[in-house]
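Enquirer: Input: one structure, supplied below.
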Amino acid sequence: MSTDTDTRPRHSAPPGPSLSDRLSLITRHDLPASIVVFLVALPLSLGIAVASDAPIAAGLIAAAVGGIVVGIFGGSPLQVSGPAAGLTVVVAETIHQFGWKTTCFITVAAGLLQLIFGLSRIARAALAIAPVVVHAMLAGIGITIALQQAHVLLGGSSRSSAWENVTQLPGQLLGLHGDDFFIGVVVIGIILAWRYVPKRVQLIPGPLVAVLVGTVLSLVWPGDPERIKFDGSLFDAIGLPEIPSGGWGPVALAALTIALIASVESLLCAVAVDKLHTGERSNLDRELMAQGAANMTSGLLGGLPVTGVIVRSSTNVAAGGKTKASAFLHGVWVLVFSIALVGVVQQIPKSALAGLLIVVGVQLVKIGHIKLARRTGDLAIYAVTVLGVVFLNLLEGVLIGLALAFVLLLWRVVKVSVVAGPVTGTDRWIVSIDGTCTFLALPKLSAQFAKVPAGTDVLVELTVDFLDHAAYEAIHDWARQHENTGGTVEFVEIGPARMEHAMAGPPQRGRARGLLDDVLGPWRERDENALENGVAAYHRSHAHVVRPHLDELRDRQDPHSLFLTCADSRIVPNVITNSGPGDLFTVRNVGNLVPADRSDYSVEAALTFSLQKLDVRNVVVCGHSGCGAMQALLTGGPLGPGLDEWLAHARPTLNRFRAGHPVVRAAAAAGYDQVAQLAMVNVAVQLETLYGHPVVQQAITERGVKVSGLYFDIGTARVLEVTTDGIAEIVDAGEKAVAVHA
């Protein structure tokens with residue numbers, strides 16, 4: 001029983017930063033970052049309100065609420081929330097269908113759904129959407145915004161559908177208003193050129209500069225461009241939402257659409273922002289609930305829907321934000337501006353915001369996303385989703401994209417490759433079946449099996465991860481019929497799904513096995529049939545792989561190394577040297593010894609035969625950890641007839657160990673115990689014996705044969721190089737070896 005009476009926690013969390021440290025962090029980092037984010041958010045919030053056909057104040061309310069509410073309750077430390085371009089299209093459609101006041105009610109309902117999503121702990125599940133669909137959705141939104149605002153840039157107004165925006169654009173070009181067009185082009189030019197100005201100047205957000213320049217130009221340039229209308233103050237714009245009197249089905253669908261899009265965009269943004277910094281990671285469920293609270297608040301106050309915004313969030317990270325205080329303060333600055341400087345907003349021309357939104361919309365179409373979709377074979381999904389979002393509506397476009405992505409995924413998962421053909425230079429045929437083999441593969445199986453001539457020898461190579469009863473029956477029936485014609489059928493099963501299991505129960509996807517499971521699995525059996533089962537498994541899975549190589553070696557062997565190692569069953573020379581059949585001429589004895597008196601004819605014969613007849617280029621001695629011979633040598637005492645006489649050849653090793661051989665110091669410094677140290681010294685002593693052997697000396701002189709030592713640490717599966725004076729890591733040829741301790 002333990003007598004420890006110390007009840008203090010063993011792993012108490014380190015104390016958090018003090019209040020003064022937090023204030024210092026906010027003052028030094030979050031306060032400056034919040035000002036930069038505010039300057040970016042202000043013109044974007046106004047522009048998104050215009051693009052959504054919502055009251056201008058709605059964009060400012062949403063920006064303030066997103067910053068303050070999510071800044072207090074959010075689970076993502078550096079994400080900044082507010083009105084986003086990703087919701088512009090669906091919000092505009094909702095306003096056109098239900099009116100502004102009912103849209104505010106729908107925003108509240110969407111926020112409530114987000115709260116339920118967050119409480120249900122399903123935030124991670126929202127990320128299980130094909131990225132190509134999300135990328136295409138954003139691109140479709142961007143194209144829609146650009147088409148809408150192109151009309152505003154030309155001095156007109158956006159049409160009700162993307163098709164009308166496209167078809168009526170030529171007429172709008174013929175009747176463009178020069179002052180609006182000029183201001184919008186200047187705004188676009190400034191934003192695009194801002195990346196080329198000096199870094200210090202880029203501290204001021206380009207969109208803000210562009211809108212300010214456009215506003216000033218509109219005041220001094222001849223003409224009367226259309227300006228933003230803002231009646232009254234921000235407080236006058238605040239009003240309760242209107243509960244719809246009927247038609248609850250479309251209202252519920254609109255609320256669900258906004259909730260889903262806002263949730264997915266916020267969560268994807270939070271994950272993306274986490275990749276931009278090394279601080280605290282996001283709590284996605286908490287972030288989703290905070291987004292829901294913000295949307296309920298924004299809707300109740302008459303604001304646009306709120307979501308996490310990647311532009312503001314990445315700006316926050318780049319500006320040095322460290323905590324949620326930066327997002328909170330940015331919302332405060334939006335609120336202060338909206339109350340104190342409302343007159344400034346009314347001076348901004350609509351064409352200036354149109355130029356800003358066209359750039360934002362175009363930037364949502366990422367060339368990198370298109371290239372990625374092309375590389376991954378998802379370009380069709382991308383194109384269909386974009387067209388659906390632009391010419392139908394956002395929800396239908398996304399659903400069509402997801403459906404196509406699911407169909408494509410199903411096709412990729414269930415497809416199987418079946419190829420039949422003759423083996424070059426022989427009368428034998430091979431049928432390769434690779435993939436998921438189900439009843440859907442029956443036409444392919446039938447077509448390929450029909451190519452095989454009757455009476456031929458056939459190898460059926462199965463590399464499948466799933467095999468249902470229908471496919472098994474088709475393969476089995478064909479094999480039986482082919483054998484009845486006088487042919488033979490040999491099955492080689494490489495994949496995890498096996499023929500023998502197909503009739504044992506419902507089909508299951510086979511477990512993908514690792515290299516050791518696949519190669520050494522049968523060796524782990526402990527029953528009396530282990531060898532027979534192992535040979536059967538070899539014939540079934542690996543014999544055909546090594547057969548061509550062994551066929552080349554049927555008349556002669558050409559090993560590159562003589563490998564002398566211990567008889568210990570845990571050492572598999574070909575595995576630890578990554579070599580194959582015919583590569584190693586292996587000699588094994590207890591303790592991997594080379595008797596100095598040359599009294600062991602087995603070792604002598606192996607040295608002579610391998611060096612003079614086989615012309616090996618390397619002679620290797622390999623010891624290992626946990627060696628019973630070294631343990632017996634170290635402890636002493638009689639071991640029994642034969643073993644005592646054999647281990648007498650290792651007495652020089654024990655003497656060198658006790659005398660402090662250099663390898664002892666190296667191994668001890670590396671943390672190895674005495675048995676391991678003795679095993680390493682034993683390898684070094686055997687190397688010295690080999691260097692003095694006449695046959696080895698002759699091979700070194702005449703052919704440059706290399707003599708080397710290895711030590712296999714069974715517990716870690718690591719192999720070290722042992723020299724006559726130290727141990728070292730083994731690296732690829734051409735690289736410099738690094739001594740562990742020498």
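Residue names in the structure tokens use chain letters A, B, ... in the order shown, residue numbers from 1 in each chain, and ligand numbers from 1 in the order shown.
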May I have the residues within 8 Å of stretch 285-298 of chain A as a VMD selection string, using only C-alpha atoms and disregarding those fewer than 3 positions away in the same chain?
Expert: chain A and resid 61 to 62 65 to 66 69 to 70 73 to 76 104 107 to 119 121 to 124 263 266 to 267 282 301 to 308
Enquirer: Fewer than 4 positions away in the same chain doesn't count, so skip those; otherwise give me all residues within 7 Å of stretch 41-49 of chain A, counting only C-alpha atoms, as a list in words.
Expert: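 Those residues are Val37, Asp53, Ala54, Pro55, Ile56, Ala58, Gly59, Leu60, Ala63, Pro83, Ala84, Ala85, Thr88, Pro207, Leu208, Arg312, Val334, Leu353 and Leu357 of chain A.
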Enquirer: Could you pull out all residues of stretch 389-570 of chain A with a DSSP call of strand (DSSP E) and give them as a ChimeraX atom specification?
Expert: /A:416-422,429-437,457-467,488-493,561-566
Enquirer: Leaving out A:Asp558 and any residue of its chain fewer than 5 positions from it, which residues lie within 7 Å of it when counting only C-alpha atoms, given as a compact mmCIF listing (two decimals) with C-alpha atoms, in the first residue's frame?
Expert:
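Output below, filename selection_13.txt:
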# COMPACT_ATOMS: atom_id res chain seq x y z
CA GLY A 582 19.54 -14.55 -53.91
CA ASP A 583 21.03 -11.41 -52.32
CA LEU A 614 30.56 -16.70 -55.49
Enquirer: By how many Å are atom CA of A:Ala262 and atom CA of A:Leu404 apart?
Expert: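 Result for atom CA of A:Ala262 versus atom CA of A:Leu404: 22.3 Å, one decimal.
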Enquirer: Excluding same-chain residues fewer than 2 positions from A:Ala666, what lies within 7 Å of it counting only C-alpha atoms, as an NGL selection string?
Expert: :A and (662-664 or 668-670 or 726-727 or 741-742)
Enquirer: Output N, CA, C and O atoms of each residue in that selection to a file, as a PDB file, in the first residue's frame.
Expert:
ATOM      1  N   PRO A 662      36.956   0.087 -26.865  1.00  0.00           N
ATOM      2  CA  PRO A 662      36.344   1.367 -27.250  1.00  0.00           C
ATOM      3  C   PRO A 662      34.842   1.270 -27.532  1.00  0.00           C
ATOM      4  O   PRO A 662      34.099   2.214 -27.268  1.00  0.00           O
ATOM      5  N   VAL A 663      34.406   0.136 -28.047  1.00  0.00           N
ATOM      6  CA  VAL A 663      32.982  -0.017 -28.323  1.00  0.00           C
ATOM      7  C   VAL A 663      32.174  -0.019 -27.025  1.00  0.00           C
ATOM      8  O   VAL A 663      31.029   0.436 -27.000  1.00  0.00           O
ATOM      9  N   VAL A 664      32.769  -0.509 -25.929  1.00  0.00           N
ATOM     10  CA  VAL A 664      32.076  -0.504 -24.638  1.00  0.00           C
ATOM     11  C   VAL A 664      31.749   0.923 -24.238  1.00  0.00           C
ATOM     12  O   VAL A 664      30.630   1.241 -23.813  1.00  0.00           O
ATOM     13  N   ALA A 668      27.954   2.273 -23.924  1.00  0.00           N
ATOM     14  CA  ALA A 668      27.512   2.725 -22.605  1.00  0.00           C
ATOM     15  C   ALA A 668      27.049   4.172 -22.668  1.00  0.00           C
ATOM     16  O   ALA A 668      26.031   4.547 -22.068  1.00  0.00           O
ATOM     17  N   ALA A 669      27.779   5.009 -23.407  1.00  0.00           N
ATOM     18  CA  ALA A 669      27.395   6.411 -23.539  1.00  0.00           C
ATOM     19  C   ALA A 669      26.058   6.552 -24.260  1.00  0.00           C
ATOM     20  O   ALA A 669      25.311   7.506 -24.027  1.00  0.00           O
ATOM     21  N   ALA A 670      25.737   5.600 -25.143  1.00  0.00           N
ATOM     22  CA  ALA A 670      24.468   5.640 -25.870  1.00  0.00           C
ATOM     23  C   ALA A 670      23.322   5.033 -25.068  1.00  0.00           C
ATOM     24  O   ALA A 670      22.188   5.008 -25.533  1.00  0.00           O
ATOM     25  N   GLY A 726      33.883   1.772 -32.533  1.00  0.00           N
ATOM     26  CA  GLY A 726      32.707   2.556 -32.181  1.00  0.00           C
ATOM     27  C   GLY A 726      31.450   2.058 -32.857  1.00  0.00           C
ATOM     28  O   GLY A 726      31.425   1.002 -33.495  1.00  0.00           O
ATOM     29  N   ILE A 727      30.373   2.825 -32.690  1.00  0.00           N
ATOM     30  CA  ILE A 727      29.089   2.516 -33.318  1.00  0.00           C
ATOM     31  C   ILE A 727      28.585   3.784 -33.990  1.00  0.00           C
ATOM     32  O   ILE A 727      28.918   4.902 -33.585  1.00  0.00           O
ATOM     33  N   HIS A 741      28.311   7.318 -30.856  1.00  0.00           N
ATOM     34  CA  HIS A 741      29.389   7.576 -29.899  1.00  0.00           C
ATOM     35  C   HIS A 741      30.598   6.817 -30.405  1.00  0.00           C
ATOM     36  O   HIS A 741      30.490   5.651 -30.745  1.00  0.00           O
ATOM     37  N   ALA A 742      31.725   7.440 -30.491  1.00  0.00           N
ATOM     38  CA  ALA A 742      32.908   6.775 -31.020  1.00  0.00           C
ATOM     39  C   ALA A 742      34.067   6.925 -30.056  1.00  0.00           C
ATOM     40  O   ALA A 742      34.058   7.789 -29.206  1.00  0.00           O
TER      41      ALA A 742
END
Enquirer: Which residues of stretch 120-149 of chain A come within 9 Å of stretch 358-361 of chain A, and for each one, what is the closest pair of atoms and their distance in Å to one decimal, counting only C-alpha atoms, sorted by chain and residue number, as CSV?
Expert:
residue,atom,partner,partner_atom,distance
A:Leu138,CA,A:Gly361,CA,8.7
A:Ala139,CA,A:Gly361,CA,7.8
A:Gly140,CA,A:Gly361,CA,8.9
A:Ile141,CA,A:Gly361,CA,7.1
A:Gly142,CA,A:Gly361,CA,3.6
A:Ile143,CA,A:Gly361,CA,6.0
A:Thr144,CA,A:Gly361,CA,7.6
A:Ile145,CA,A:Gly361,CA,5.6
A:Ala146,CA,A:Ile358,CA,4.5
A:Leu147,CA,A:Ile358,CA,8.0
A:Gln148,CA,A:Ile358,CA,8.6
A:Gln149,CA,A:Ile358,CA,6.2
Enquirer: What is the atom CA of A:Gln677-atom CA of A:Asn574 distance in Å, reported with one decimal?
Expert: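 Taking atom CA of A:Gln677 as the start and atom CA of A:Asn574 as the end point, the length is 24.4 Å.
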Enquirer: Counting only C-alpha atoms, what is within 8 Å of stretch 405-414 of chain A, bar same-chain residues fewer than 6 positions away, as a PyMOL selection string?
Expert: chain A and resi 130+133+378+381+435-438+440
Enquirer: Would you write out those residues with N, CA, C and O atoms, as a PDB file, in the first residue's frame?
Expert:
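Once written, part.pdb looks like this:
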ATOM      1  N   ALA A 130     -17.473  18.042 -49.719  1.00  0.00           N
ATOM      2  CA  ALA A 130     -16.380  18.014 -50.679  1.00  0.00           C
ATOM      3  C   ALA A 130     -15.828  19.425 -50.873  1.00  0.00           C
ATOM      4  O   ALA A 130     -16.577  20.341 -51.226  1.00  0.00           O
ATOM      5  N   VAL A 133     -16.828  21.412 -53.942  1.00  0.00           N
ATOM      6  CA  VAL A 133     -18.163  22.032 -53.957  1.00  0.00           C
ATOM      7  C   VAL A 133     -18.124  23.380 -53.261  1.00  0.00           C
ATOM      8  O   VAL A 133     -18.736  24.356 -53.719  1.00  0.00           O
ATOM      9  N   ASP A 378     -11.951  16.458 -60.531  1.00  0.00           N
ATOM     10  CA  ASP A 378     -13.227  16.991 -60.045  1.00  0.00           C
ATOM     11  C   ASP A 378     -13.674  18.226 -60.820  1.00  0.00           C
ATOM     12  O   ASP A 378     -14.528  18.983 -60.336  1.00  0.00           O
ATOM     13  N   ILE A 381     -17.426  18.485 -61.436  1.00  0.00           N
ATOM     14  CA  ILE A 381     -18.175  18.889 -60.242  1.00  0.00           C
ATOM     15  C   ILE A 381     -18.078  20.396 -60.056  1.00  0.00           C
ATOM     16  O   ILE A 381     -19.073  21.080 -59.764  1.00  0.00           O
ATOM     17  N   GLY A 435      -9.360  -3.716 -57.217  1.00  0.00           N
ATOM     18  CA  GLY A 435     -10.338  -2.721 -56.785  1.00  0.00           C
ATOM     19  C   GLY A 435     -11.406  -3.327 -55.910  1.00  0.00           C
ATOM     20  O   GLY A 435     -11.167  -4.253 -55.134  1.00  0.00           O
ATOM     21  N   THR A 436     -12.631  -2.802 -56.029  1.00  0.00           N
ATOM     22  CA  THR A 436     -13.776  -3.273 -55.259  1.00  0.00           C
ATOM     23  C   THR A 436     -14.623  -4.148 -56.160  1.00  0.00           C
ATOM     24  O   THR A 436     -15.240  -3.665 -57.116  1.00  0.00           O
ATOM     25  N   CYS A 437     -14.658  -5.418 -55.859  1.00  0.00           N
ATOM     26  CA  CYS A 437     -15.271  -6.399 -56.767  1.00  0.00           C
ATOM     27  C   CYS A 437     -16.678  -6.740 -56.279  1.00  0.00           C
ATOM     28  O   CYS A 437     -16.856  -7.491 -55.308  1.00  0.00           O
ATOM     29  N   THR A 438     -17.691  -6.175 -56.945  1.00  0.00           N
ATOM     30  CA  THR A 438     -19.084  -6.396 -56.584  1.00  0.00           C
ATOM     31  C   THR A 438     -19.851  -6.871 -57.804  1.00  0.00           C
ATOM     32  O   THR A 438     -19.290  -7.096 -58.881  1.00  0.00           O
ATOM     33  N   LEU A 440     -21.532  -5.172 -59.651  1.00  0.00           N
ATOM     34  CA  LEU A 440     -21.374  -4.204 -60.726  1.00  0.00           C
ATOM     35  C   LEU A 440     -20.222  -4.569 -61.655  1.00  0.00           C
ATOM     36  O   LEU A 440     -20.148  -4.076 -62.786  1.00  0.00           O
TER      37      LEU A 440
END
Enquirer: In terms of the shortest atom-to-atom distance over only C-alpha atoms, which of A:Gly71, A:Gly86, A:Pro250, A:Gly189 is closest to A:Val389?
Expert: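 The answer is A:Gly86, which sits nearest to A:Val389.
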Enquirer: Could you give me, as a list of chain:residue names, the residues within 12 Å of A:Arg617, counting only C-alpha atoms and dropping anything in the same chain fewer than 5 positions from it?
Expert: A:Asp558, A:Pro559, A:His560, A:Ser561, A:Leu562, A:Phe563, A:Asp583, A:Leu584, A:Phe585, A:Ser610, A:Leu611, A:Gln612, A:Val696, A:Ala699, A:Ile700, A:Glu702, A:Arg703, A:Gly704, A:Val705, A:Lys706, A:Val707, A:Ser708
Enquirer: Give me the residues within 10 Å of A:Ala92 as JSON, numbers by chain, counting only C-alpha atoms and dropping any in the same chain fewer than 4 places off.
Expert: {"A": [49, 50, 51, 52, 53, 54, 87, 88, 96, 97, 99, 100, 103, 160]}
Enquirer: So that I have them on file, write out the residues from the current selection with N, CA and C atoms, as a PDB file, in the first residue's frame.
Expert:
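The result, stored in result-v2.pdb:
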ATOM      1  N   ALA A  49     -23.984  45.117 -48.159  1.00  0.00           N
ATOM      2  CA  ALA A  49     -25.364  45.569 -47.970  1.00  0.00           C
ATOM      3  C   ALA A  49     -25.957  46.044 -49.293  1.00  0.00           C
ATOM      4  N   VAL A  50     -25.173  46.782 -50.069  1.00  0.00           N
ATOM      5  CA  VAL A  50     -25.647  47.247 -51.377  1.00  0.00           C
ATOM      6  C   VAL A  50     -25.912  46.061 -52.299  1.00  0.00           C
ATOM      7  N   ALA A  51     -24.972  45.109 -52.341  1.00  0.00           N
ATOM      8  CA  ALA A  51     -25.119  43.951 -53.228  1.00  0.00           C
ATOM      9  C   ALA A  51     -26.300  43.078 -52.835  1.00  0.00           C
ATOM     10  N   SER A  52     -26.679  43.092 -51.570  1.00  0.00           N
ATOM     11  CA  SER A  52     -27.796  42.272 -51.088  1.00  0.00           C
ATOM     12  C   SER A  52     -29.135  42.979 -51.220  1.00  0.00           C
ATOM     13  N   ASP A  53     -29.123  44.231 -51.695  1.00  0.00           N
ATOM     14  CA  ASP A  53     -30.344  45.052 -51.763  1.00  0.00           C
ATOM     15  C   ASP A  53     -30.964  45.233 -50.393  1.00  0.00           C
ATOM     16  N   ALA A  54     -30.128  45.275 -49.375  1.00  0.00           N
ATOM     17  CA  ALA A  54     -30.571  45.496 -48.006  1.00  0.00           C
ATOM     18  C   ALA A  54     -30.298  46.945 -47.618  1.00  0.00           C
ATOM     19  N   LEU A  87     -22.883  35.009 -48.530  1.00  0.00           N
ATOM     20  CA  LEU A  87     -24.324  34.974 -48.302  1.00  0.00           C
ATOM     21  C   LEU A  87     -25.076  36.015 -49.122  1.00  0.00           C
ATOM     22  N   THR A  88     -24.359  36.781 -49.916  1.00  0.00           N
ATOM     23  CA  THR A  88     -24.977  37.892 -50.636  1.00  0.00           C
ATOM     24  C   THR A  88     -26.106  37.431 -51.548  1.00  0.00           C
ATOM     25  N   HIS A  96     -35.949  39.667 -51.865  1.00  0.00           N
ATOM     26  CA  HIS A  96     -36.873  39.812 -52.997  1.00  0.00           C
ATOM     27  C   HIS A  96     -38.133  38.981 -52.785  1.00  0.00           C
ATOM     28  N   GLN A  97     -37.998  37.829 -52.146  1.00  0.00           N
ATOM     29  CA  GLN A  97     -39.148  36.933 -51.983  1.00  0.00           C
ATOM     30  C   GLN A  97     -40.014  37.303 -50.787  1.00  0.00           C
ATOM     31  N   GLY A  99     -39.281  40.191 -48.452  1.00  0.00           N
ATOM     32  CA  GLY A  99     -39.180  41.541 -47.907  1.00  0.00           C
ATOM     33  C   GLY A  99     -38.122  41.608 -46.819  1.00  0.00           C
ATOM     34  N   TRP A 100     -37.729  42.838 -46.470  1.00  0.00           N
ATOM     35  CA  TRP A 100     -36.609  43.007 -45.538  1.00  0.00           C
ATOM     36  C   TRP A 100     -36.955  42.572 -44.116  1.00  0.00           C
ATOM     37  N   THR A 103     -37.045  38.923 -43.765  1.00  0.00           N
ATOM     38  CA  THR A 103     -35.679  38.404 -43.884  1.00  0.00           C
ATOM     39  C   THR A 103     -34.948  38.497 -42.546  1.00  0.00           C
ATOM     40  N   SER A 160     -32.672  40.933 -61.849  1.00  0.00           N
ATOM     41  CA  SER A 160     -33.165  39.965 -60.867  1.00  0.00           C
ATOM     42  C   SER A 160     -32.538  38.589 -61.006  1.00  0.00           C
TER      43      SER A 160
END
Enquirer: Between A:Ala596, A:Asp179, A:Ala454, A:Val675, which residue has the minimum interatomic distance to A:Ala632, considering only C-alpha atoms?
Expert: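 Among A:Ala596, A:Asp179, A:Ala454, A:Val675, it is A:Val675 that comes nearest to A:Ala632.
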Enquirer: When you count only C-alpha atoms, which of these residues is closest to A:Arg718: A:Thr577, A:Asn592, A:Ser599, A:Asn393?
Expert: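 Closest candidate: A:Thr577.
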Enquirer: Rank A:Phe181, A:Phe466, A:Phe491, A:Tyr672 by their smallest atom-to-atom distance to A:Pro506, using only C-alpha atoms, and report the top residue only.
Expert: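 Ranked by minimum distance to A:Pro506, first place goes to A:Phe466.
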Enquirer: Enumerate as a PyMOL selection string all residues of stretch 384-564 of chain A assigned to helix (DSSP H, G or I) by DSSP on the backbone, naming them with the chain letters and numbers the document uses.
Expert: chain A and resi 384-391+394-414+439-449+469-484+499-501+515-524+530-541+543-552
Enquirer: Counting only C-alpha atoms, which of A:Ala150, A:Leu203, A:Val251, A:Val431 gets nearest to A:Gly355?
Expert: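 For A:Gly355, the nearest of the given residues is A:Ala150.
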